[in-house]
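**Q** Got a structure here, written out as structure tokens. Questions coming.
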There are 4 protein chains.
Amino acid sequence: MSDTDSLARLAAVIESRKPANGGDPEKSYVARLLYKGPDAFLKKIGEEATEAVMAAKDCDHGGDVQKLVNEVADLWFHSMIALAHYGRAPSDVVAELARREGLSGLEEKALRKAVAREAEPKS
Amino acid sequence: MSDTDSLARLAAVIESRKPANGGDPEKSYVARLLYKGPDAFLKKIGEEATEAVMAAKDCDHGGDVQKLVNEVADLWFHSMIALAHYGRAPSDVVAELARREGLSGLEEKALRKAVAREAEPKS
Amino acid sequence: MSDTDSLARLAAVIESRKPANGGDPEKSYVARLLYKGPDAFLKKIGEEATEAVMAAKDCDHGGDVQKLVNEVADLWFHSMIALAHYGRAPSDVVAELARREGLSGLEEKALRKAVAREAEPKS
Amino acid sequence: MSDTDSLARLAAVIESRKPANGGDPEKSYVARLLYKGPDAFLKKIGEEATEAVMAAKDCDHGGDVQKLVNEVADLWFHSMIALAHYGRAPSDVVAELARREGLSGLEEKALRKAVAREAEPKS
């Protein structure tokens, strides 16, 4: 199965966990987060982002790179729960990334901004 | 092009921006981040996670859901730069998500943990 | 000057930077953040938190502990800008910390919760 | 008691919770975090930063400002645990803030940087 088929399948599972679709907060972790509401899953995005950063820092000192992969998976997973709650899917994120046309336009703008920033004194 | 191709193509572009592959920090935003090293792109993960959370909170009060999609795209994009630096790709993340087998095993464990936590007094 | 005076003085400076108090976004960084509104300074809280975490991780491998102090200072500083915007001051935070009575009550609750959580399988 | 006396007292309590000082992970939340090591309390910094940001966003829509104060207190509290682990105290953070001389020098530098950044196209 292709990557995105996996992502789409996961998005479908999350969709089925919505309370409106019969998701049971007593039986499903995702249903529970969706039932509790935005703060419950948004908080996890901040938490998993920090864990991904720490796992990456550990990679510089012999840490297991698979741990970084796992933390990024957690981060993307909880992002997908948030997207589902607001009616969007990973395909929308991928479409946005693709729309930026192979980075070229994005990079040009972002680079000009980064260069200007670095020309300034550090605070 | 399929979504899978989009993610894989973006990963290939990021790969080509590595200094070792000829990426030029004066011409490419990604090359610049990779050249500056981990703290430069890891910091962006924390920043974009916070921006995604804020965009989501705004959706509860009439905010544009596309802004959430854009912020999640930024978050995934900078995650992919970190993965590339440490020799991994989005396909590894998607494989990890798929490995968790449609959430069922993951959910069961996570749910037991969440229920136990909520049975306790709030701090 | 005592530490208390330092925090209170800093809070007073931030207060004076509010647009309503004559703060000039063209001349003052704080006035600029307050003028731009919540997302501008809240984003910095997420960013500085990540930088503090990275500086701490570096301390485990010979990094300069003063860098951690500096990043925590940045984090507290931007927290104080947010507090000011919403009509609160560092003294309110310190009062809340003091109210928790030397940690004892807080610790007891938090510990029960943490122990229960660890008794569960890891996800 | 003054603000900083409260902060210093809290720092002393945290200090006493270090395993080397007899802190018992079975009886104290702080001792438990210190015993588990950096990732345990650093993760909390990312988590509490996100909760502070969410509480602030809620204030724009009738949320309780005391919740923001509580979240910032949690954020500062876990920052203090990290500082203690690395041999520093809140007085070091306050000294750093004071050293920046009433913001003036800091503001001038930060403002030049912010202005340059905003002159660039948004990415």
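In the structure tokens, chains take the letters A, B, ... in the order shown, each chain's residues start at 1, and ligands count up from 1 in the order shown.
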Would you mind listing, for every residue of chain D within 8 Å of chain C, the two atoms forming the shortest contact and the distance between them in Å to one decimal, using only C-alpha atoms, sorted by chain and ascending residue number, as a Markdown table?
**A**
| residue | atom | partner | partner_atom | distance |
| --- | --- | --- | --- | --- |
| D:Ser2 | CA | C:Thr4 | CA | 6.4 |
| D:Asp3 | CA | C:Thr4 | CA | 5.3 |
| D:Thr4 | CA | C:Thr4 | CA | 4.8 |
| D:Asp5 | CA | C:Thr4 | CA | 7.8 |
| D:Ser6 | CA | C:Ala98 | CA | 6.0 |
| D:Leu7 | CA | C:Val94 | CA | 6.8 |
| D:Arg9 | CA | C:Gly102 | CA | 7.5 |
| D:Leu10 | CA | C:Gly102 | CA | 6.1 |
| D:Val13 | CA | C:Gly102 | CA | 6.8 |
| D:Glu26 | CA | C:Leu111 | CA | 7.8 |
| D:Lys27 | CA | C:Leu111 | CA | 7.0 |
| D:Ser28 | CA | C:Glu107 | CA | 5.6 |
| D:Tyr29 | CA | C:Leu111 | CA | 4.7 |
| D:Val30 | CA | C:Glu107 | CA | 7.1 |
| D:Arg32 | CA | C:Leu111 | CA | 7.9 |
| D:Pro38 | CA | C:Lys57 | CA | 7.7 |
| D:Leu42 | CA | C:Val53 | CA | 5.8 |
| D:Lys43 | CA | C:Val53 | CA | 8.0 |
| D:Ile45 | CA | C:Ala49 | CA | 6.4 |
| D:Gly46 | CA | C:Ala49 | CA | 5.9 |
| D:Ala49 | CA | C:Gly46 | CA | 5.9 |
| D:Thr50 | CA | C:Gly46 | CA | 6.6 |
| D:Val53 | CA | C:Leu42 | CA | 5.8 |
| D:Ala56 | CA | C:Ala82 | CA | 7.5 |
| D:Lys57 | CA | C:Pro38 | CA | 7.7 |
| D:Cys59 | CA | C:Tyr86 | CA | 7.5 |
| D:Val65 | CA | C:Tyr86 | CA | 7.0 |
| D:Leu68 | CA | C:Leu83 | CA | 7.8 |
| D:Val69 | CA | C:Val93 | CA | 5.7 |
| D:Asn70 | CA | C:Glu96 | CA | 6.8 |
| D:Val72 | CA | C:Val93 | CA | 6.8 |
| D:Ala73 | CA | C:Val93 | CA | 5.2 |
| D:Trp76 | CA | C:Trp76 | CA | 7.2 |
| D:Phe77 | CA | C:Leu97 | CA | 7.7 |
| D:Ser79 | CA | C:Val72 | CA | 7.0 |
| D:Ala82 | CA | C:Ala56 | CA | 7.5 |
| D:Leu83 | CA | C:Val69 | CA | 7.4 |
| D:Tyr86 | CA | C:Val65 | CA | 7.0 |
| D:Arg88 | CA | C:Val69 | CA | 7.6 |
| D:Ser91 | CA | C:Asp3 | CA | 6.8 |
| D:Asp92 | CA | C:Val69 | CA | 6.8 |
| D:Val93 | CA | C:Ala73 | CA | 5.2 |
| D:Val94 | CA | C:Asp3 | CA | 6.3 |
| D:Ala95 | CA | C:Asp3 | CA | 7.3 |
| D:Glu96 | CA | C:Ala73 | CA | 6.7 |
| D:Leu97 | CA | C:Ala73 | CA | 6.2 |
| D:Ala98 | CA | C:Ser6 | CA | 5.9 |
| D:Gly102 | CA | C:Leu10 | CA | 6.1 |
| D:Leu103 | CA | C:Leu10 | CA | 7.5 |
| D:Glu107 | CA | C:Tyr29 | CA | 4.9 |
| D:Glu108 | CA | C:Ser28 | CA | 6.8 |
| D:Ala110 | CA | C:Tyr29 | CA | 5.9 |
| D:Leu111 | CA | C:Tyr29 | CA | 4.6 |
| D:Ala114 | CA | C:Tyr29 | CA | 7.6 |
**Q** Just to be explicit: take each residue in the selection above, keep C-alpha atoms, and write the result as a PDB file, in the first residue's frame.
**A**
ATOM      1  CA  SER D   2       7.842  39.455  48.706  1.00  0.00           C
ATOM      2  CA  ASP D   3       7.524  37.824  45.292  1.00  0.00           C
ATOM      3  CA  THR D   4      11.074  36.719  45.166  1.00  0.00           C
ATOM      4  CA  ASP D   5      11.104  35.399  48.672  1.00  0.00           C
ATOM      5  CA  SER D   6       8.305  33.125  47.465  1.00  0.00           C
ATOM      6  CA  LEU D   7      10.309  32.156  44.398  1.00  0.00           C
ATOM      7  CA  ARG D   9      11.426  29.466  48.964  1.00  0.00           C
ATOM      8  CA  LEU D  10       9.943  27.398  46.161  1.00  0.00           C
ATOM      9  CA  VAL D  13      11.798  23.176  48.256  1.00  0.00           C
ATOM     10  CA  GLU D  26       7.536   7.730  45.985  1.00  0.00           C
ATOM     11  CA  LYS D  27       6.409  10.715  48.033  1.00  0.00           C
ATOM     12  CA  SER D  28       7.125  13.819  45.996  1.00  0.00           C
ATOM     13  CA  TYR D  29       6.089  14.814  42.463  1.00  0.00           C
ATOM     14  CA  VAL D  30       9.195  16.969  42.061  1.00  0.00           C
ATOM     15  CA  ARG D  32       9.855  11.873  40.894  1.00  0.00           C
ATOM     16  CA  PRO D  38      15.544  15.654  32.053  1.00  0.00           C
ATOM     17  CA  LEU D  42      11.488  19.151  29.833  1.00  0.00           C
ATOM     18  CA  LYS D  43       8.489  17.552  28.171  1.00  0.00           C
ATOM     19  CA  ILE D  45       7.790  22.691  29.679  1.00  0.00           C
ATOM     20  CA  GLY D  46       6.551  22.127  26.115  1.00  0.00           C
ATOM     21  CA  ALA D  49       3.709  26.345  27.239  1.00  0.00           C
ATOM     22  CA  THR D  50       1.009  25.021  24.906  1.00  0.00           C
ATOM     23  CA  VAL D  53      -1.066  29.648  24.871  1.00  0.00           C
ATOM     24  CA  ALA D  56      -4.550  32.990  26.537  1.00  0.00           C
ATOM     25  CA  LYS D  57      -6.497  32.362  23.325  1.00  0.00           C
ATOM     26  CA  CYS D  59      -9.233  34.898  27.222  1.00  0.00           C
ATOM     27  CA  VAL D  65      -7.821  34.973  33.072  1.00  0.00           C
ATOM     28  CA  LEU D  68      -3.865  31.770  32.174  1.00  0.00           C
ATOM     29  CA  VAL D  69      -2.172  32.718  35.461  1.00  0.00           C
ATOM     30  CA  ASN D  70      -2.361  29.077  36.582  1.00  0.00           C
ATOM     31  CA  VAL D  72       1.977  30.325  33.459  1.00  0.00           C
ATOM     32  CA  ALA D  73       2.574  29.252  37.079  1.00  0.00           C
ATOM     33  CA  TRP D  76       7.465  28.691  35.509  1.00  0.00           C
ATOM     34  CA  PHE D  77       7.313  25.884  38.064  1.00  0.00           C
ATOM     35  CA  SER D  79      11.183  25.708  34.323  1.00  0.00           C
ATOM     36  CA  ALA D  82      14.878  22.196  35.028  1.00  0.00           C
ATOM     37  CA  LEU D  83      16.985  25.058  36.385  1.00  0.00           C
ATOM     38  CA  TYR D  86      21.249  22.037  36.038  1.00  0.00           C
ATOM     39  CA  ARG D  88      20.587  27.199  38.609  1.00  0.00           C
ATOM     40  CA  SER D  91      17.317  34.320  40.957  1.00  0.00           C
ATOM     41  CA  ASP D  92      19.638  33.646  37.995  1.00  0.00           C
ATOM     42  CA  VAL D  93      16.747  34.185  35.599  1.00  0.00           C
ATOM     43  CA  VAL D  94      15.683  37.366  37.361  1.00  0.00           C
ATOM     44  CA  ALA D  95      19.299  38.581  37.352  1.00  0.00           C
ATOM     45  CA  GLU D  96      19.471  37.992  33.608  1.00  0.00           C
ATOM     46  CA  LEU D  97      16.246  39.907  33.116  1.00  0.00           C
ATOM     47  CA  ALA D  98      17.574  42.752  35.271  1.00  0.00           C
ATOM     48  CA  GLY D 102      14.945  47.745  31.900  1.00  0.00           C
ATOM     49  CA  LEU D 103      14.538  46.303  28.415  1.00  0.00           C
ATOM     50  CA  GLU D 107      14.342  46.245  22.950  1.00  0.00           C
ATOM     51  CA  GLU D 108      16.535  48.215  20.651  1.00  0.00           C
ATOM     52  CA  ALA D 110      15.050  43.051  19.088  1.00  0.00           C
ATOM     53  CA  LEU D 111      13.182  45.851  17.413  1.00  0.00           C
ATOM     54  CA  ALA D 114      11.714  42.537  14.030  1.00  0.00           C
TER      55      ALA D 114
END
**Q** Step one, run DSSP on the backbone; step two, keep only residues of range 1-121 of chain D assigned to helix (DSSP H, G or I); then write them as a PyMOL selection string.
**A** chain D and resi 3-16+19-21+29-36+38-59+65-85+90-99+104-118
